[in-house]
file model00.pdb (PDB, C-alpha atoms and all ligand atoms)
MODEL        1
ATOM      1  CA  MET A   1      44.251 106.406  86.115
ATOM      2  CA  ILE A   2      47.934 105.511  86.449
ATOM      3  CA  ILE A   3      49.347 106.162  89.892
ATOM      4  CA  LEU A   4      52.589 105.482  91.712
ATOM      5  CA  ILE A   5      53.056 104.719  95.366
ATOM      6  CA  GLY A   6      56.770 105.217  95.843
ATOM      7  CA  GLY A   7      59.554 106.849  97.739
ATOM      8  CA  GLU A   8      63.141 106.401  98.759
ATOM      9  CA  LYS A   9      62.576 105.351 102.332
ATOM     10  CA  GLY A  10      61.958 101.714 103.211
ATOM     11  CA  GLY A  11      59.104 100.440 105.345
ATOM     12  CA  THR A  12      56.891 103.526 105.161
ATOM     13  CA  GLY A  13      53.747 101.609 104.176
ATOM     14  CA  LYS A  14      53.976 101.905 100.369
ATOM     15  CA  THR A  15      52.946  98.316  99.676
ATOM     16  CA  THR A  16      50.261  98.477 102.373
ATOM     17  CA  ILE A  17      48.742 101.552 100.717
ATOM     18  CA  ALA A  18      49.137 100.211  97.157
ATOM     19  CA  THR A  19      47.447  96.889  97.970
ATOM     20  CA  ASN A  20      44.614  98.495  99.956
ATOM     21  CA  LEU A  21      43.875 100.985  97.176
ATOM     22  CA  ALA A  22      43.989  98.217  94.557
ATOM     23  CA  ALA A  23      41.503  96.083  96.488
ATOM     24  CA  ILE A  24      39.081  98.970  97.074
ATOM     25  CA  ARG A  25      39.333  99.881  93.388
ATOM     26  CA  ALA A  26      38.564  96.265  92.401
ATOM     27  CA  LEU A  27      35.646  96.179  94.881
ATOM     28  CA  ALA A  28      34.286  99.269  93.104
ATOM     29  CA  GLY A  29      34.119  97.168  89.932
ATOM     30  CA  ARG A  30      37.147  98.672  88.228
ATOM     31  CA  ASP A  31      39.609  96.700  86.161
ATOM     32  CA  VAL A  32      42.766  97.403  88.142
ATOM     33  CA  LEU A  33      46.329  96.180  87.742
ATOM     34  CA  LEU A  34      48.921  96.288  90.496
ATOM     35  CA  VAL A  35      52.472  96.571  89.141
ATOM     36  CA  ASP A  36      55.079  95.401  91.633
ATOM     37  CA  THR A  37      58.478  96.890  90.731
ATOM     38  CA  ASP A  38      60.197  95.827  93.951
ATOM     39  CA  PRO A  39      62.339  92.662  93.773
ATOM     40  CA  GLN A  40      61.103  91.834  97.309
ATOM     41  CA  GLY A  41      57.789  91.102  95.614
ATOM     42  CA  SER A  42      55.544  91.904  98.618
ATOM     43  CA  ALA A  43      52.640  93.216  96.517
ATOM     44  CA  ASN A  44      52.899  90.172  94.314
ATOM     45  CA  TYR A  45      52.822  87.830  97.354
ATOM     46  CA  TRP A  46      49.755  89.697  98.612
ATOM     47  CA  ALA A  47      47.932  89.234  95.283
ATOM     48  CA  GLN A  48      49.051  85.600  95.202
ATOM     49  CA  SER A  49      47.594  84.950  98.664
ATOM     50  CA  ARG A  50      44.275  86.409  97.483
ATOM     51  CA  ASP A  51      44.317  83.957  94.603
ATOM     52  CA  ASP A  52      45.321  81.048  96.852
ATOM     53  CA  GLU A  53      42.400  81.819  99.179
ATOM     54  CA  ASN A  54      40.000  82.467  96.270
ATOM     55  CA  ILE A  55      39.283  85.963  97.555
ATOM     56  CA  THR A  56      37.137  87.993  95.199
ATOM     57  CA  PRO A  57      37.435  90.352  93.521
ATOM     58  CA  ARG A  58      40.732  89.163  92.146
ATOM     59  CA  VAL A  59      43.458  91.805  91.959
ATOM     60  CA  ALA A  60      45.690  91.270  88.928
ATOM     61  CA  CYS A  61      49.364  91.813  89.691
ATOM     62  CA  ILE A  62      52.505  91.677  87.572
ATOM     63  CA  GLN A  63      56.138  92.140  88.495
ATOM     64  CA  LYS A  64      58.133  94.428  86.270
ATOM     65  CA  PHE A  65      61.731  95.531  86.652
ATOM     66  CA  GLY A  66      64.157  97.561  84.596
ATOM     67  CA  LYS A  67      64.049 100.237  82.015
ATOM     68  CA  GLY A  68      61.130  98.907  79.960
ATOM     69  CA  LEU A  69      58.649  99.943  82.681
ATOM     70  CA  PRO A  70      57.202 103.142  81.129
ATOM     71  CA  LYS A  71      56.547 101.499  77.763
ATOM     72  CA  GLU A  72      55.003  98.431  79.383
ATOM     73  CA  VAL A  73      52.784 100.571  81.613
ATOM     74  CA  GLN A  74      51.604 102.636  78.645
ATOM     75  CA  ASP A  75      50.700  99.432  76.768
ATOM     76  CA  LEU A  76      48.902  98.006  79.797
ATOM     77  CA  ALA A  77      46.946 101.229  80.200
ATOM     78  CA  HIS A  78      44.951 100.163  77.120
ATOM     79  CA  ARG A  79      43.888  96.954  78.873
ATOM     80  CA  TYR A  80      43.222  98.168  82.420
ATOM     81  CA  GLN A  81      41.182 101.080  83.690
ATOM     82  CA  ASP A  82      43.619 101.743  86.516
ATOM     83  CA  ILE A  83      47.249 100.909  87.154
ATOM     84  CA  ILE A  84      48.812 101.163  90.600
ATOM     85  CA  ILE A  85      52.609 100.945  90.639
ATOM     86  CA  ASP A  86      54.309  99.947  93.879
ATOM     87  CA  ALA A  87      57.977 101.005  93.875
ATOM     88  CA  GLY A  88      60.429  99.750  96.507
ATOM     89  CA  GLY A  89      61.972 101.976  99.131
ATOM     90  CA  ARG A  90      65.062 103.268  97.416
ATOM     91  CA  ASP A  91      66.140 105.414  94.477
ATOM     92  CA  SER A  92      65.725 102.999  91.594
ATOM     93  CA  MET A  93      65.360 103.026  87.859
ATOM     94  CA  GLU A  94      61.798 101.843  88.391
ATOM     95  CA  LEU A  95      60.955 104.771  90.678
ATOM     96  CA  ARG A  96      62.484 107.324  88.280
ATOM     97  CA  SER A  97      60.929 105.843  85.170
ATOM     98  CA  ALA A  98      57.492 105.440  86.765
ATOM     99  CA  LEU A  99      57.473 109.187  87.517
ATOM    100  CA  VAL A 100      57.529 109.812  83.777
ATOM    101  CA  VAL A 101      54.280 107.957  83.041
ATOM    102  CA  VAL A 102      52.042 108.399  86.089
ATOM    103  CA  GLU A 103      49.359 111.024  86.545
ATOM    104  CA  LYS A 104      49.756 111.086  90.304
ATOM    105  CA  ALA A 105      52.566 110.009  92.603
ATOM    106  CA  PHE A 106      52.025 109.374  96.306
ATOM    107  CA  ILE A 107      54.972 109.254  98.643
ATOM    108  CA  PRO A 108      54.222 107.745 102.049
ATOM    109  CA  ILE A 109      56.585 108.809 104.815
ATOM    110  CA  GLN A 110      56.627 108.145 108.509
ATOM    111  CA  PRO A 111      56.563 111.327 110.563
ATOM    112  CA  SER A 112      60.278 111.207 111.367
ATOM    113  CA  GLN A 113      63.176 113.459 110.477
ATOM    114  CA  PHE A 114      64.950 110.598 108.682
ATOM    115  CA  ASP A 115      62.007 110.255 106.348
ATOM    116  CA  ILE A 116      61.665 113.991 105.803
ATOM    117  CA  TRP A 117      65.299 114.206 104.689
ATOM    118  CA  THR A 118      64.573 111.725 101.881
ATOM    119  CA  LEU A 119      62.001 114.177 100.487
ATOM    120  CA  ASN A 120      64.736 116.533  99.215
ATOM    121  CA  GLN A 121      65.711 113.870  96.712
ATOM    122  CA  MET A 122      62.064 113.032  95.892
ATOM    123  CA  ASP A 123      61.353 116.707  95.264
ATOM    124  CA  GLU A 124      64.255 116.741  92.775
ATOM    125  CA  LEU A 125      63.122 113.531  91.090
ATOM    126  CA  VAL A 126      59.633 114.975  90.597
ATOM    127  CA  GLU A 127      61.146 118.219  89.286
ATOM    128  CA  THR A 128      63.182 116.257  86.710
ATOM    129  CA  ALA A 129      60.175 114.117  85.770
ATOM    130  CA  LYS A 130      58.179 117.278  85.083
ATOM    131  CA  SER A 131      60.206 118.015  81.958
ATOM    132  CA  PHE A 132      58.712 114.836  80.438
ATOM    133  CA  ASN A 133      55.490 114.708  82.427
ATOM    134  CA  PRO A 134      54.511 118.313  83.201
ATOM    135  CA  ASP A 135      51.077 117.486  84.655
ATOM    136  CA  ILE A 136      52.272 115.044  87.315
ATOM    137  CA  GLN A 137      50.905 115.696  90.793
ATOM    138  CA  ALA A 138      53.000 114.498  93.722
ATOM    139  CA  LYS A 139      51.647 114.227  97.244
ATOM    140  CA  VAL A 140      53.223 113.081 100.466
ATOM    141  CA  ILE A 141      51.109 110.825 102.669
ATOM    142  CA  ILE A 142      51.952 110.754 106.346
ATOM    143  CA  SER A 143      51.813 107.061 107.112
ATOM    144  CA  ARG A 144      52.127 104.817 110.165
ATOM    145  CA  SER A 145      51.658 107.830 112.390
ATOM    146  CA  SER A 146      50.877 107.371 116.079
ATOM    147  CA  THR A 147      47.267 106.797 117.144
ATOM    148  CA  ASN A 148      48.041 108.575 120.421
ATOM    149  CA  PRO A 149      46.158 111.923 120.315
ATOM    150  CA  SER A 150      48.834 113.660 122.383
ATOM    151  CA  VAL A 151      51.454 113.001 119.706
ATOM    152  CA  HIS A 152      51.475 115.854 117.197
ATOM    153  CA  GLU A 153      54.296 114.644 114.964
ATOM    154  CA  SER A 154      51.999 114.445 111.900
ATOM    155  CA  ASP A 155      51.105 118.150 112.160
ATOM    156  CA  ASP A 156      54.756 119.086 112.633
ATOM    157  CA  THR A 157      55.771 117.008 109.608
ATOM    158  CA  GLY A 158      53.029 118.584 107.486
ATOM    159  CA  LYS A 159      54.400 122.072 108.164
ATOM    160  CA  LEU A 160      57.852 121.082 106.923
ATOM    161  CA  LEU A 161      56.429 120.199 103.514
ATOM    162  CA  ASN A 162      56.099 123.894 102.642
ATOM    163  CA  ASP A 163      59.829 123.747 101.859
ATOM    164  CA  PHE A 164      59.311 121.544  98.796
ATOM    165  CA  ASP A 165      58.273 123.093  95.472
ATOM    166  CA  ASN A 166      57.004 119.906  93.851
ATOM    167  CA  LEU A 167      55.384 118.089  96.765
ATOM    168  CA  ASP A 168      52.041 118.725  98.459
ATOM    169  CA  LEU A 169      50.640 117.115 101.563
ATOM    170  CA  ALA A 170      47.761 114.644 101.207
ATOM    171  CA  ASN A 171      44.755 115.472 103.373
ATOM    172  CA  THR A 172      44.516 111.939 104.712
ATOM    173  CA  THR A 173      46.915 110.540 107.294
ATOM    174  CA  ILE A 174      47.301 106.786 107.705
ATOM    175  CA  ARG A 175      47.921 105.708 111.271
ATOM    176  CA  ASP A 176      49.771 102.720 112.658
ATOM    177  CA  ARG A 177      47.056 100.123 113.285
ATOM    178  CA  ILE A 178      47.246  96.373 113.768
ATOM    179  CA  ALA A 179      44.403  95.970 111.253
ATOM    180  CA  TYR A 180      46.786  96.795 108.383
ATOM    181  CA  ARG A 181      49.161  94.019 109.389
ATOM    182  CA  LYS A 182      46.328  91.535 109.928
ATOM    183  CA  ALA A 183      44.792  92.303 106.542
ATOM    184  CA  ALA A 184      48.138  92.059 104.713
ATOM    185  CA  LYS A 185      48.807  88.622 106.193
ATOM    186  CA  ASP A 186      45.655  87.217 104.567
ATOM    187  CA  GLY A 187      45.839  89.017 101.217
ATOM    188  CA  LEU A 188      43.065  91.395 102.260
ATOM    189  CA  ALA A 189      42.437  95.112 102.413
ATOM    190  CA  VAL A 190      41.338  96.629 105.741
ATOM    191  CA  VAL A 191      37.856  97.133 104.271
ATOM    192  CA  GLU A 192      37.582  93.340 103.856
ATOM    193  CA  LEU A 193      38.827  92.396 107.314
ATOM    194  CA  ASN A 194      36.459  90.769 109.754
ATOM    195  CA  PRO A 195      35.949  92.066 112.425
ATOM    196  CA  LYS A 196      36.482  95.517 110.973
ATOM    197  CA  ASP A 197      38.586  98.284 112.466
ATOM    198  CA  PRO A 198      36.248 101.203 111.614
ATOM    199  CA  LYS A 199      38.984 103.833 111.997
ATOM    200  CA  ALA A 200      41.293 102.022 109.582
ATOM    201  CA  VAL A 201      38.415 101.559 107.116
ATOM    202  CA  LEU A 202      37.491 105.239 107.301
ATOM    203  CA  GLU A 203      40.998 106.584 106.787
ATOM    204  CA  MET A 204      41.743 104.189 103.902
ATOM    205  CA  GLU A 205      38.434 105.054 102.227
ATOM    206  CA  ASN A 206      39.260 108.746 102.627
ATOM    207  CA  LEU A 207      42.655 108.196 101.062
ATOM    208  CA  TYR A 208      41.024 106.236  98.244
ATOM    209  CA  LYS A 209      38.647 109.132  97.523
ATOM    210  CA  GLU A 210      41.500 111.597  97.566
ATOM    211  CA  VAL A 211      43.646 109.485  95.217
ATOM    212  CA  PHE A 212      40.936 108.769  92.663
ATOM    213  CA  SER A 213      39.140 112.111  92.751
ATOM    214  CA  ASN A 214      38.937 114.534  89.755
ATOM    215  CA  GLU A 215      38.618 111.914  87.085
TER     216      GLU A 215
HETATM  217  N1  LIG B 301      49.487 101.884 108.738
HETATM  218  C1  LIG B 301      50.128 100.807 109.204
HETATM  219  N2  LIG B 301      49.822 100.313 110.431
HETATM  220  C2  LIG B 301      50.477  99.225 110.910
HETATM  221  N3  LIG B 301      51.431  98.549 110.266
HETATM  222  C3  LIG B 301      51.777  98.991 109.041
HETATM  223  C4  LIG B 301      51.150 100.126 108.435
HETATM  224  N4  LIG B 301      51.715 100.319 107.221
HETATM  225  C5  LIG B 301      52.625  99.354 107.074
HETATM  226  N5  LIG B 301      52.686  98.542 108.151
HETATM  227  C6  LIG B 301      53.578  97.410 108.378
HETATM  228  O1  LIG B 301      54.920  97.891 108.278
HETATM  229  C7  LIG B 301      55.738  97.011 107.526
HETATM  230  C8  LIG B 301      56.238  97.740 106.269
HETATM  231  O2  LIG B 301      55.103  98.088 105.485
HETATM  232  P1  LIG B 301      55.127  98.027 103.912
HETATM  233  O3  LIG B 301      55.727  96.751 103.436
HETATM  234  O4  LIG B 301      53.777  98.396 103.432
HETATM  235  O5  LIG B 301      56.135  99.209 103.642
HETATM  236  P2  LIG B 301      56.930  99.557 102.297
HETATM  237  O6  LIG B 301      57.085 101.027 102.301
HETATM  238  O7  LIG B 301      56.250  98.947 101.132
HETATM  239  O8  LIG B 301      58.333  98.832 102.538
HETATM  240  P3  LIG B 301      59.510  98.632 101.450
HETATM  241  O9  LIG B 301      60.210  99.953 101.383
HETATM  242  O10 LIG B 301      60.337  97.550 102.038
HETATM  243  O11 LIG B 301      58.847  98.279 100.150
HETATM  244  C9  LIG B 301      54.853  95.807 107.214
HETATM  245  O12 LIG B 301      55.060  94.853 108.220
HETATM  246  C10 LIG B 301      53.440  96.369 107.293
HETATM  247  O13 LIG B 301      52.489  95.372 107.639
HETATM  248 MG    MG B 302      56.993  97.728  99.624
ENDMDL
END
call {"tool": "encode", "arguments": {"input": "model00.pdb", "output": "structure tokens"}}
result
Amino acid sequence: MIILIGGEKGGTGKTTIATNLAAIRALAGRDVLLVDTDPQGSANYWAQSRDDENITPRVACIQKFGKGLPKEVQDLAHRYQDIIIDAGGRDSMELRSALVVVEKAFIPIQPSQFDIWTLNQMDELVETAKSFNPDIQAKVIISRSSTNPSVHESDDTGKLLNDFDNLDLANTTIRDRIAYRKAAKDGLAVVELNPKDPKAVLEMENLYKEVFSNE
């Protein structure tokens, strides 16, 4: 499956989600490629630290910028079972062109009004992409949401998504947990971290199932 983790807002957890999903996919024995389209290269650094620490399974990662992305991804789809594209937090050629070739796009947002406003543009980008890629499914993932049970911002954000024709809400919410930062630092996924944060493991595994279901 070819999927995109992207969006126009910076720092929403796109690379965190892309790298975690890639590692879980590799642990499941799949041949997965992470495509880092962000010049910051965070996903690529993450994969590099795995290699430096000889962490297995290896997660293959390439960096790819510019307009050749869709063609390259289609070629690579013959060599890998799954491709996960991580697009940086802004409207870019890479984000727009990835939407043309992916089966599913996931847009992490933090439950804040500033992030919700960026969804108007994402909704339009998905709408445009549909003329080339009519079967694309686009889902918003509420990410980095508060672990405090009295904070209901995730629910409130979910309701606002009814306004967008081309975007659905993912069932899984990713919360702000130190485990994600610890894992990233060592080139790991939360499922590989020791000691484990069971809540982080559970929510990331749920997201994984949701992303890779209906194959
Ligand atoms: N669920 C989470 N819990 C705690 N920290 C998180 C979580 N998700 C991301 N972070 C931290 O927030 C920062 C930004 O995350 P990340 O790089 O994944 O976001 P991004 O959307 O890829 O950013 P950019 O738009 O710059 O590409 C990082 O320091 C990361 O470790
Ligand atoms: Mg990123």
call {"tool": "residues_around", "arguments": {"input": "model00.pdb", "residues": "region 29-36 of chain A", "least_positions_apart": "2", "cutoff": "10 Å", "atoms": "all atoms listed in the file", "output": "CSV table (one decimal) with C-alpha atoms, keeping the file's coordinate frame"}}
result
chain,number,residue,atom,x,y,z
A,1,MET,CA,44.3,106.4,86.1
A,2,ILE,CA,47.9,105.5,86.4
A,3,ILE,CA,49.3,106.2,89.9
A,4,LEU,CA,52.6,105.5,91.7
A,15,THR,CA,52.9,98.3,99.7
A,18,ALA,CA,49.1,100.2,97.2
A,19,THR,CA,47.4,96.9,98.0
A,21,LEU,CA,43.9,101.0,97.2
A,22,ALA,CA,44.0,98.2,94.6
A,23,ALA,CA,41.5,96.1,96.5
A,24,ILE,CA,39.1,99.0,97.1
A,25,ARG,CA,39.3,99.9,93.4
A,26,ALA,CA,38.6,96.3,92.4
A,27,LEU,CA,35.6,96.2,94.9
A,38,ASP,CA,60.2,95.8,94.0
A,39,PRO,CA,62.3,92.7,93.8
A,40,GLN,CA,61.1,91.8,97.3
A,41,GLY,CA,57.8,91.1,95.6
A,42,SER,CA,55.5,91.9,98.6
A,43,ALA,CA,52.6,93.2,96.5
A,44,ASN,CA,52.9,90.2,94.3
A,45,TYR,CA,52.8,87.8,97.4
A,47,ALA,CA,47.9,89.2,95.3
A,57,PRO,CA,37.4,90.4,93.5
A,58,ARG,CA,40.7,89.2,92.1
A,59,VAL,CA,43.5,91.8,92.0
A,60,ALA,CA,45.7,91.3,88.9
A,61,CYS,CA,49.4,91.8,89.7
A,62,ILE,CA,52.5,91.7,87.6
A,63,GLN,CA,56.1,92.1,88.5
A,64,LYS,CA,58.1,94.4,86.3
A,65,PHE,CA,61.7,95.5,86.7
A,69,LEU,CA,58.6,99.9,82.7
A,73,VAL,CA,52.8,100.6,81.6
A,76,LEU,CA,48.9,98.0,79.8
A,77,ALA,CA,46.9,101.2,80.2
A,79,ARG,CA,43.9,97.0,78.9
A,80,TYR,CA,43.2,98.2,82.4
A,81,GLN,CA,41.2,101.1,83.7
A,82,ASP,CA,43.6,101.7,86.5
A,83,ILE,CA,47.2,100.9,87.2
A,84,ILE,CA,48.8,101.2,90.6
A,85,ILE,CA,52.6,100.9,90.6
A,86,ASP,CA,54.3,99.9,93.9
A,87,ALA,CA,58.0,101.0,93.9
A,88,GLY,CA,60.4,99.8,96.5
A,94,GLU,CA,61.8,101.8,88.4
call {"tool": "residues_near_ligand", "arguments": {"input": "model00.pdb", "ligand": "ligand LIG 301 (chain B)", "cutoff": "10 Å", "atoms": "only C-alpha atoms and all ligand atoms", "output": "PyMOL selection string"}}
result
chain A and resi 5-20+36-43+86-90+107-110+142-147+173-185+200+203-204
call {"tool": "write_last_selection", "arguments": {"input": "model00.pdb", "atoms": "C-alpha atoms", "output": "CSV table (one decimal), in the frame of the given file"}}
result
chain,number,residue,atom,x,y,z
A,5,ILE,CA,53.1,104.7,95.4
A,6,GLY,CA,56.8,105.2,95.8
A,7,GLY,CA,59.6,106.8,97.7
A,8,GLU,CA,63.1,106.4,98.8
A,9,LYS,CA,62.6,105.4,102.3
A,10,GLY,CA,62.0,101.7,103.2
A,11,GLY,CA,59.1,100.4,105.3
A,12,THR,CA,56.9,103.5,105.2
A,13,GLY,CA,53.7,101.6,104.2
A,14,LYS,CA,54.0,101.9,100.4
A,15,THR,CA,52.9,98.3,99.7
A,16,THR,CA,50.3,98.5,102.4
A,17,ILE,CA,48.7,101.6,100.7
A,18,ALA,CA,49.1,100.2,97.2
A,19,THR,CA,47.4,96.9,98.0
A,20,ASN,CA,44.6,98.5,100.0
A,36,ASP,CA,55.1,95.4,91.6
A,37,THR,CA,58.5,96.9,90.7
A,38,ASP,CA,60.2,95.8,94.0
A,39,PRO,CA,62.3,92.7,93.8
A,40,GLN,CA,61.1,91.8,97.3
A,41,GLY,CA,57.8,91.1,95.6
A,42,SER,CA,55.5,91.9,98.6
A,43,ALA,CA,52.6,93.2,96.5
A,86,ASP,CA,54.3,99.9,93.9
A,87,ALA,CA,58.0,101.0,93.9
A,88,GLY,CA,60.4,99.8,96.5
A,89,GLY,CA,62.0,102.0,99.1
A,90,ARG,CA,65.1,103.3,97.4
A,107,ILE,CA,55.0,109.3,98.6
A,108,PRO,CA,54.2,107.7,102.0
A,109,ILE,CA,56.6,108.8,104.8
A,110,GLN,CA,56.6,108.1,108.5
A,142,ILE,CA,52.0,110.8,106.3
A,143,SER,CA,51.8,107.1,107.1
A,144,ARG,CA,52.1,104.8,110.2
A,145,SER,CA,51.7,107.8,112.4
A,146,SER,CA,50.9,107.4,116.1
A,147,THR,CA,47.3,106.8,117.1
A,173,THR,CA,46.9,110.5,107.3
A,174,ILE,CA,47.3,106.8,107.7
A,175,ARG,CA,47.9,105.7,111.3
A,176,ASP,CA,49.8,102.7,112.7
A,177,ARG,CA,47.1,100.1,113.3
A,178,ILE,CA,47.2,96.4,113.8
A,179,ALA,CA,44.4,96.0,111.3
A,180,TYR,CA,46.8,96.8,108.4
A,181,ARG,CA,49.2,94.0,109.4
A,182,LYS,CA,46.3,91.5,109.9
A,183,ALA,CA,44.8,92.3,106.5
A,184,ALA,CA,48.1,92.1,104.7
A,185,LYS,CA,48.8,88.6,106.2
A,200,ALA,CA,41.3,102.0,109.6
A,203,GLU,CA,41.0,106.6,106.8
A,204,MET,CA,41.7,104.2,103.9
call {"tool": "axis_aligned_box", "arguments": {"input": "model00.pdb", "around": "region 200-205 of chain A", "padding_each_side": "4 Å", "output": "lines of an AutoDock Vina configuration file"}}
result
center_x = 39.6
center_y = 104.1
center_z = 105.9
size_x = 12.3
size_y = 13.0
size_z = 15.4
call {"tool": "resolve_selection", "arguments": {"input": "model00.pdb", "expression": "the PyMOL selection byres (((chain A and resi 120-130) around 9) and not hetatm)", "output": "list of chain:residue names"}}
result
A:Gly7, A:Glu8, A:Asp91, A:Arg96, A:Ser97, A:Leu99, A:Val100, A:Val101, A:Ala105, A:Ile107, A:Ile116, A:Trp117, A:Thr118, A:Leu119, A:Ser131, A:Phe132, A:Asn133, A:Pro134, A:Asp135, A:Ile136, A:Gln137, A:Ala138, A:Phe164, A:Asp165, A:Asn166, A:Leu167
call {"tool": "closest_residue", "arguments": {"input": "model00.pdb", "among": "A:Ser92, A:Asn54, A:Ser213, A:Gln113", "to": "Leu161 (chain A)", "atoms": "only C-alpha atoms"}}
result
A:Gln113
call {"tool": "atom_distance", "arguments": {"input": "model00.pdb", "atom1": "CA of Val211 (chain A)", "atom2": "CA of Leu188 (chain A)"}}
result
19.4 Å
call {"tool": "atom_distance", "arguments": {"input": "model00.pdb", "atom1": "CA of Phe106 (chain A)", "atom2": "CA of Gly187 (chain A)"}}
result
21.8 Å
call {"tool": "atom_distance", "arguments": {"input": "model00.pdb", "atom1": "CA of Gly66 (chain A)", "atom2": "CA of Leu95 (chain A)"}}
result
10.0 Å
call {"tool": "decode", "arguments": {"input": "model00.pdb", "residues": "region 122-128 of chain A", "atoms": "all heavy atoms", "output": "mmCIF file, in the first residue's frame"}}
result
data_model
loop_
_atom_site.group_PDB
_atom_site.id
_atom_site.type_symbol
_atom_site.label_atom_id
_atom_site.label_comp_id
_atom_site.auth_asym_id
_atom_site.auth_seq_id
_atom_site.Cartn_x
_atom_site.Cartn_y
_atom_site.Cartn_z
ATOM 1 N N MET A 122 -6.323 21.745 2.938
ATOM 2 C CA MET A 122 -6.101 20.305 2.701
ATOM 3 C C MET A 122 -7.315 19.686 2.012
ATOM 4 O O MET A 122 -7.178 18.859 1.125
ATOM 5 C CB MET A 122 -5.831 19.563 4.024
ATOM 6 C CG MET A 122 -4.426 19.665 4.551
ATOM 7 S SD MET A 122 -3.135 19.278 3.357
ATOM 8 C CE MET A 122 -3.534 17.607 2.910
ATOM 9 N N ASP A 123 -8.498 20.105 2.436
ATOM 10 C CA ASP A 123 -9.729 19.603 1.837
ATOM 11 C C ASP A 123 -9.730 19.927 0.329
ATOM 12 O O ASP A 123 -10.065 19.084 -0.502
ATOM 13 C CB ASP A 123 -10.925 20.264 2.537
ATOM 14 C CG ASP A 123 -12.248 19.608 2.190
ATOM 15 O OD1 ASP A 123 -12.303 18.377 2.100
ATOM 16 O OD2 ASP A 123 -13.237 20.346 2.002
ATOM 17 N N GLU A 124 -9.284 21.148 0.002
ATOM 18 C CA GLU A 124 -9.228 21.545 -1.417
ATOM 19 C C GLU A 124 -8.169 20.767 -2.177
ATOM 20 O O GLU A 124 -8.373 20.367 -3.327
ATOM 21 C CB GLU A 124 -8.943 23.049 -1.531
ATOM 22 C CG GLU A 124 -10.180 23.873 -1.259
ATOM 23 C CD GLU A 124 -9.905 25.364 -1.270
ATOM 24 O OE1 GLU A 124 -8.916 25.794 -1.912
ATOM 25 O OE2 GLU A 124 -10.673 26.097 -0.617
ATOM 26 N N LEU A 125 -7.023 20.548 -1.538
ATOM 27 C CA LEU A 125 -5.959 19.780 -2.211
ATOM 28 C C LEU A 125 -6.425 18.362 -2.508
ATOM 29 O O LEU A 125 -6.153 17.813 -3.570
ATOM 30 C CB LEU A 125 -4.678 19.727 -1.356
ATOM 31 C CG LEU A 125 -3.874 21.011 -1.185
ATOM 32 C CD1 LEU A 125 -2.549 20.714 -0.473
ATOM 33 C CD2 LEU A 125 -3.597 21.660 -2.529
ATOM 34 N N VAL A 126 -7.148 17.753 -1.564
ATOM 35 C CA VAL A 126 -7.638 16.390 -1.775
ATOM 36 C C VAL A 126 -8.690 16.402 -2.885
ATOM 37 O O VAL A 126 -8.690 15.550 -3.772
ATOM 38 C CB VAL A 126 -8.192 15.777 -0.465
ATOM 39 C CG1 VAL A 126 -8.819 14.408 -0.731
ATOM 40 C CG2 VAL A 126 -7.093 15.654 0.590
ATOM 41 N N GLU A 127 -9.547 17.413 -2.868
ATOM 42 C CA GLU A 127 -10.568 17.550 -3.920
ATOM 43 C C GLU A 127 -9.912 17.601 -5.304
ATOM 44 O O GLU A 127 -10.312 16.900 -6.232
ATOM 45 C CB GLU A 127 -11.353 18.849 -3.643
ATOM 46 C CG GLU A 127 -12.276 19.277 -4.736
ATOM 47 C CD GLU A 127 -13.716 18.873 -4.466
ATOM 48 O OE1 GLU A 127 -14.145 19.001 -3.314
ATOM 49 O OE2 GLU A 127 -14.371 18.437 -5.425
ATOM 50 N N THR A 128 -8.874 18.432 -5.438
ATOM 51 C CA THR A 128 -8.156 18.552 -6.715
ATOM 52 C C THR A 128 -7.509 17.222 -7.088
ATOM 53 O O THR A 128 -7.592 16.780 -8.236
ATOM 54 C CB THR A 128 -7.055 19.633 -6.602
ATOM 55 O OG1 THR A 128 -7.667 20.799 -6.088
ATOM 56 C CG2 THR A 128 -6.397 19.929 -7.930
#
